[in-house]
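Asker: Have a look at this one before I ask anything.
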Amino acid sequence: MIDVRHVPDLDDPIVIAAFEGWNDAGESATRALEHLVRAWDAEVIAVMDPEDYYDFQVNRPRVSMVNGQRQLTWPTTRVLLARDTPMGRDVILVLGIEPSIRWRSYVSEILSLAVDQGASLLISLGALLADVPHSRPIPVSVTSEDPELREVHDVERSNYEGPSGIVGVLMDQAHQSELPGLSVWAAVPHYAGGPPSPKATLALIGRLEELLGCVIDDGDLTEEARAWERGVDELAASDDEVAEYVEALEEAQDTVDLPEASGDAIAREFEKYLRRRGGHEAG
């Protein structure tokens with residue numbers, strides 16, 4: 001790593017990571033992490049050397065003007081520290097670009113830093129394109145290889161088989177290193193998968209709230225998600241084939257969700273929401 005800054009003694013830290021590229025449909029995961037960086041005033045503590053991991057013909061450096069001066073920014077991975085968090089514990093945020101080469105070394109560097117700082121949990125964020133309607137809640141799945149975490153959070157092991165992105169490699173190596181991990185994935189409507197996808201980003205933030213037992217300021221995300229949904233509504237309304245396809249997706253999802261839509265289930269979800277938002281005090 002380069003530009004490693006002094007890291008103070010941390011209070012029971014956890015790690016949350018997201019990466020641009022194959023794991024990041026609609027840029028939903030990286031935008032969720034960027035939201036946490038802003039919400040929690042996170043500061044950079046380390047930057048990985050781009051020479052070691054990136055093909056600059058694939059991920060090119062960018063030139064920008066800053067205060068009238070040309071500035072060259074290299075593709076890299078930043079590690080940030082958030083100390084003012086609603087959980088009362090420190091959070092290490094890893095925000096990067098999926099590397100071109102040397103994935104095992106790349107993952108080892110991230111995990112070494114996490115272990116050296118005493119991290120007790122790794123949460124990865126991802127997003128994939130899926131056959132889901134934009135007009136319904138964005139599905140967010142959570143999986144874990146750790147038996148204790150599966151029991152605590154009532155989640156399953158992943159049954160995915162196929163090509164893996166850097167998130168899959170990171171979580172596998174974390175499991176091998178006995179660092180407990182949760183993998184959180186949002187399903188982005190494939191017909192509206194271009195970035196940004198604020199509704200999926202907001203869904204990831206909401207799931208993090210549940211997992212961490214805290215409230216995360218959503219800033220402008222709620223309004224951005226509404227505006228995004230209205231925009232996709234207009235797109236669908238302008239094309240009969242798209243409108244019919246969306247309607248079919250809605251019917252399919254409603255059929256699947258119907259058993260869960262009982263009065264008791266809705267009441268439980270509402271009570272969970274109130275507990276997160278502190279609304280139980282107002283009752």
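Each chain in the structure tokens gets a letter, A, B and so on, in the order shown; residues start at 1 in every chain, and ligands are counted from 1 in the order they appear.
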Can you pull out the residues contacting stretch 147-157 of chain A? Cut-off 12 Å, using only C-alpha atoms, and skip same-chain residues under 6 positions away; I want them as a PyMOL selection string.
Answerer: chain A and resi 120-123+140-141+175+178-184+207-208+210-213
Asker: Which residues are near A:Leu80? Cut-off 6 Å, only C-alpha atoms, ignore same chain within fewer than 6 positions. Put them as an MDAnalysis selection string.
Answerer: chainID A and resid 42:45 92:93
Asker: Create the file for the chosen residues now, containing all heavy atoms and written as a PDB file, in the first residue's frame.
Answerer:
ATOM      1  N   ALA A  42     -15.980   9.961   6.892  1.00  0.00           N
ATOM      2  CA  ALA A  42     -14.822   9.059   6.873  1.00  0.00           C
ATOM      3  C   ALA A  42     -13.612   9.726   6.230  1.00  0.00           C
ATOM      4  O   ALA A  42     -13.748  10.539   5.304  1.00  0.00           O
ATOM      5  CB  ALA A  42     -15.173   7.780   6.126  1.00  0.00           C
ATOM      6  N   GLU A  43     -12.434   9.383   6.721  1.00  0.00           N
ATOM      7  CA  GLU A  43     -11.185   9.950   6.204  1.00  0.00           C
ATOM      8  C   GLU A  43     -10.283   8.833   5.693  1.00  0.00           C
ATOM      9  O   GLU A  43     -10.236   7.738   6.271  1.00  0.00           O
ATOM     10  CB  GLU A  43     -10.470  10.748   7.294  1.00  0.00           C
ATOM     11  CG  GLU A  43     -11.263  11.957   7.775  1.00  0.00           C
ATOM     12  CD  GLU A  43     -10.494  12.788   8.782  1.00  0.00           C
ATOM     13  OE1 GLU A  43      -9.400  12.334   9.207  1.00  0.00           O
ATOM     14  OE2 GLU A  43     -10.973  13.876   9.151  1.00  0.00           O
ATOM     15  N   VAL A  44      -9.548   9.133   4.634  1.00  0.00           N
ATOM     16  CA  VAL A  44      -8.659   8.153   4.018  1.00  0.00           C
ATOM     17  C   VAL A  44      -7.515   7.805   4.966  1.00  0.00           C
ATOM     18  O   VAL A  44      -6.874   8.690   5.545  1.00  0.00           O
ATOM     19  CB  VAL A  44      -8.082   8.696   2.694  1.00  0.00           C
ATOM     20  CG1 VAL A  44      -7.059   7.721   2.116  1.00  0.00           C
ATOM     21  CG2 VAL A  44      -9.203   8.944   1.687  1.00  0.00           C
ATOM     22  N   ILE A  45      -7.271   6.491   5.135  1.00  0.00           N
ATOM     23  CA  ILE A  45      -6.129   6.058   5.936  1.00  0.00           C
ATOM     24  C   ILE A  45      -5.112   5.274   5.103  1.00  0.00           C
ATOM     25  O   ILE A  45      -3.981   5.067   5.542  1.00  0.00           O
ATOM     26  CB  ILE A  45      -6.573   5.206   7.144  1.00  0.00           C
ATOM     27  CG1 ILE A  45      -7.375   3.978   6.688  1.00  0.00           C
ATOM     28  CG2 ILE A  45      -7.365   6.045   8.128  1.00  0.00           C
ATOM     29  CD1 ILE A  45      -7.677   2.992   7.810  1.00  0.00           C
ATOM     30  N   ILE A  92     -14.256   0.596   9.075  1.00  0.00           N
ATOM     31  CA  ILE A  92     -13.284   0.730   7.987  1.00  0.00           C
ATOM     32  C   ILE A  92     -14.034   0.524   6.679  1.00  0.00           C
ATOM     33  O   ILE A  92     -14.680  -0.509   6.485  1.00  0.00           O
ATOM     34  CB  ILE A  92     -12.150  -0.303   8.133  1.00  0.00           C
ATOM     35  CG1 ILE A  92     -11.367  -0.059   9.428  1.00  0.00           C
ATOM     36  CG2 ILE A  92     -11.211  -0.250   6.929  1.00  0.00           C
ATOM     37  CD1 ILE A  92     -10.406  -1.195   9.778  1.00  0.00           C
ATOM     38  N   LEU A  93     -13.968   1.509   5.794  1.00  0.00           N
ATOM     39  CA  LEU A  93     -14.680   1.463   4.523  1.00  0.00           C
ATOM     40  C   LEU A  93     -13.679   1.257   3.393  1.00  0.00           C
ATOM     41  O   LEU A  93     -12.707   2.013   3.264  1.00  0.00           O
ATOM     42  CB  LEU A  93     -15.457   2.765   4.309  1.00  0.00           C
ATOM     43  CG  LEU A  93     -16.492   3.094   5.394  1.00  0.00           C
ATOM     44  CD1 LEU A  93     -16.971   4.540   5.253  1.00  0.00           C
ATOM     45  CD2 LEU A  93     -17.671   2.143   5.308  1.00  0.00           C
TER      46      LEU A  93
END
Asker: In Å, how far is it from atom CA of A:Trp228 to atom CA of A:Pro198?
Answerer: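 Between atom CA of A:Trp228 and atom CA of A:Pro198 the gap is 7.0 Å.
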Asker: Once you count only C-alpha atoms, what closest atom pair and distance in Å to one decimal does each residue of stretch 190-216 of chain A within 8 Å of stretch 16-30 of chain A have, with rows by chain and rising residue number, as JSON lines?
Answerer:
{"residue": "A:Gly193", "atom": "CA", "partner": "A:Gly26", "partner_atom": "CA", "distance": 5.2}
{"residue": "A:Gly194", "atom": "CA", "partner": "A:Gly26", "partner_atom": "CA", "distance": 5.1}
{"residue": "A:Pro195", "atom": "CA", "partner": "A:Gly26", "partner_atom": "CA", "distance": 4.0}
{"residue": "A:Pro196", "atom": "CA", "partner": "A:Gly26", "partner_atom": "CA", "distance": 5.2}
{"residue": "A:Ser197", "atom": "CA", "partner": "A:Gly26", "partner_atom": "CA", "distance": 5.1}
{"residue": "A:Pro198", "atom": "CA", "partner": "A:Ser28", "partner_atom": "CA", "distance": 6.8}
{"residue": "A:Ala200", "atom": "CA", "partner": "A:Ser28", "partner_atom": "CA", "distance": 5.8}
{"residue": "A:Thr201", "atom": "CA", "partner": "A:Ser28", "partner_atom": "CA", "distance": 4.7}
{"residue": "A:Leu204", "atom": "CA", "partner": "A:Ala29", "partner_atom": "CA", "distance": 7.4}
Asker: In terms of the shortest atom-to-atom distance over only C-alpha atoms, which of A:Val132, A:Asp52, A:Ser64, A:Glu244 is closest to A:Val188?
Answerer: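 Going through A:Val132, A:Asp52, A:Ser64, A:Glu244 one by one, the smallest distance to A:Val188 is for A:Val132.
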Asker: For the strand (DSSP E or B) assignment from backbone DSSP, which residues of stretch 106-247 of chain A qualify? Please present them as a PyMOL selection string.
Answerer: chain A and resi 122-130+140-143+156+181-189
Asker: Could those selected residues go to a file with N, CA and C atoms, as an mmCIF file, in the first residue's frame?
Answerer:
data_model
loop_
_atom_site.group_PDB
_atom_site.id
_atom_site.type_symbol
_atom_site.label_atom_id
_atom_site.label_comp_id
_atom_site.auth_asym_id
_atom_site.auth_seq_id
_atom_site.Cartn_x
_atom_site.Cartn_y
_atom_site.Cartn_z
ATOM 1 N N LEU A 122 -16.748 -8.521 8.414
ATOM 2 C CA LEU A 122 -16.609 -7.956 7.076
ATOM 3 C C LEU A 122 -17.967 -8.017 6.387
ATOM 4 N N ILE A 123 -18.429 -6.886 5.871
ATOM 5 C CA ILE A 123 -19.661 -6.830 5.092
ATOM 6 C C ILE A 123 -19.312 -6.345 3.694
ATOM 7 N N SER A 124 -19.647 -7.139 2.695
ATOM 8 C CA SER A 124 -19.433 -6.720 1.316
ATOM 9 C C SER A 124 -20.761 -6.332 0.697
ATOM 10 N N LEU A 125 -20.743 -5.306 -0.147
ATOM 11 C CA LEU A 125 -21.931 -4.846 -0.858
ATOM 12 C C LEU A 125 -21.771 -5.130 -2.342
ATOM 13 N N GLY A 126 -22.829 -5.611 -2.962
ATOM 14 C CA GLY A 126 -22.806 -5.867 -4.395
ATOM 15 C C GLY A 126 -24.173 -5.624 -4.993
ATOM 16 N N ALA A 127 -24.237 -5.601 -6.315
ATOM 17 C CA ALA A 127 -25.509 -5.438 -7.014
ATOM 18 C C ALA A 127 -25.427 -6.169 -8.340
ATOM 19 N N LEU A 128 -26.534 -6.800 -8.728
ATOM 20 C CA LEU A 128 -26.577 -7.559 -9.970
ATOM 21 C C LEU A 128 -27.852 -7.221 -10.727
ATOM 22 N N LEU A 129 -27.814 -7.387 -12.041
ATOM 23 C CA LEU A 129 -28.997 -7.193 -12.868
ATOM 24 C C LEU A 129 -29.893 -8.415 -12.751
ATOM 25 N N ALA A 130 -31.201 -8.190 -12.630
ATOM 26 C CA ALA A 130 -32.118 -9.303 -12.404
ATOM 27 C C ALA A 130 -33.482 -8.999 -13.013
ATOM 28 N N VAL A 140 -33.146 -7.462 -1.715
ATOM 29 C CA VAL A 140 -31.768 -7.468 -1.206
ATOM 30 C C VAL A 140 -31.548 -8.793 -0.486
ATOM 31 N N SER A 141 -30.568 -9.546 -0.947
ATOM 32 C CA SER A 141 -30.264 -10.839 -0.333
ATOM 33 C C SER A 141 -29.018 -10.716 0.536
ATOM 34 N N VAL A 142 -28.999 -11.496 1.611
ATOM 35 C CA VAL A 142 -27.841 -11.539 2.512
ATOM 36 C C VAL A 142 -27.463 -12.994 2.722
ATOM 37 N N THR A 143 -26.195 -13.299 2.549
ATOM 38 C CA THR A 143 -25.707 -14.653 2.781
ATOM 39 C C THR A 143 -24.451 -14.611 3.646
ATOM 40 N N GLU A 156 -29.045 -17.339 4.927
ATOM 41 C CA GLU A 156 -28.606 -18.628 4.426
ATOM 42 C C GLU A 156 -27.186 -18.549 3.879
ATOM 43 N N GLY A 181 -18.126 -12.983 7.830
ATOM 44 C CA GLY A 181 -18.550 -12.057 6.789
ATOM 45 C C GLY A 181 -20.003 -12.209 6.391
ATOM 46 N N LEU A 182 -20.578 -11.094 5.952
ATOM 47 C CA LEU A 182 -21.925 -11.053 5.389
ATOM 48 C C LEU A 182 -21.831 -10.455 3.991
ATOM 49 N N SER A 183 -22.459 -11.105 3.035
ATOM 50 C CA SER A 183 -22.470 -10.624 1.662
ATOM 51 C C SER A 183 -23.863 -10.108 1.338
ATOM 52 N N VAL A 184 -23.967 -8.825 0.985
ATOM 53 C CA VAL A 184 -25.253 -8.164 0.781
ATOM 54 C C VAL A 184 -25.378 -7.744 -0.679
ATOM 55 N N TRP A 185 -26.432 -8.239 -1.351
ATOM 56 C CA TRP A 185 -26.594 -7.985 -2.790
ATOM 57 C C TRP A 185 -27.975 -7.423 -3.084
ATOM 58 N N ALA A 186 -28.007 -6.354 -3.878
ATOM 59 C CA ALA A 186 -29.265 -5.790 -4.358
ATOM 60 C C ALA A 186 -29.502 -6.260 -5.786
ATOM 61 N N ALA A 187 -30.776 -6.520 -6.107
ATOM 62 C CA ALA A 187 -31.176 -6.936 -7.453
ATOM 63 C C ALA A 187 -31.704 -5.717 -8.204
ATOM 64 N N VAL A 188 -31.017 -5.313 -9.261
ATOM 65 C CA VAL A 188 -31.375 -4.121 -10.036
ATOM 66 C C VAL A 188 -32.157 -4.542 -11.279
ATOM 67 N N PRO A 189 -33.298 -3.901 -11.570
ATOM 68 C CA PRO A 189 -34.045 -4.247 -12.784
ATOM 69 C C PRO A 189 -33.160 -4.139 -14.020
#
Asker: Can you list, as a PyMOL selection string, every protein, DNA or RNA residue that comes within 8 Å of A:Lys199 when you count only C-alpha atoms, leaving out same-chain residues fewer than 2 positions away?
Answerer: chain A and resi 138+197+201-203+221-222+224-226+228-229
Asker: Using DSSP assignments from the backbone, pull out every residue in stretch 28-274 of chain A that falls under alpha helix (DSSP H) and give it to me as a PyMOL selection string.
Answerer: chain A and resi 28-39+103-116+147-153+166-176+198-212+221-237+240-257+263-274
Asker: Near A:Thr85, within 9 Å and counting only C-alpha atoms, which residues show up once chain neighbours fewer than 4 positions away are dropped, as a PyMOL selection string?
Answerer: chain A and resi 39-41+89-91+216
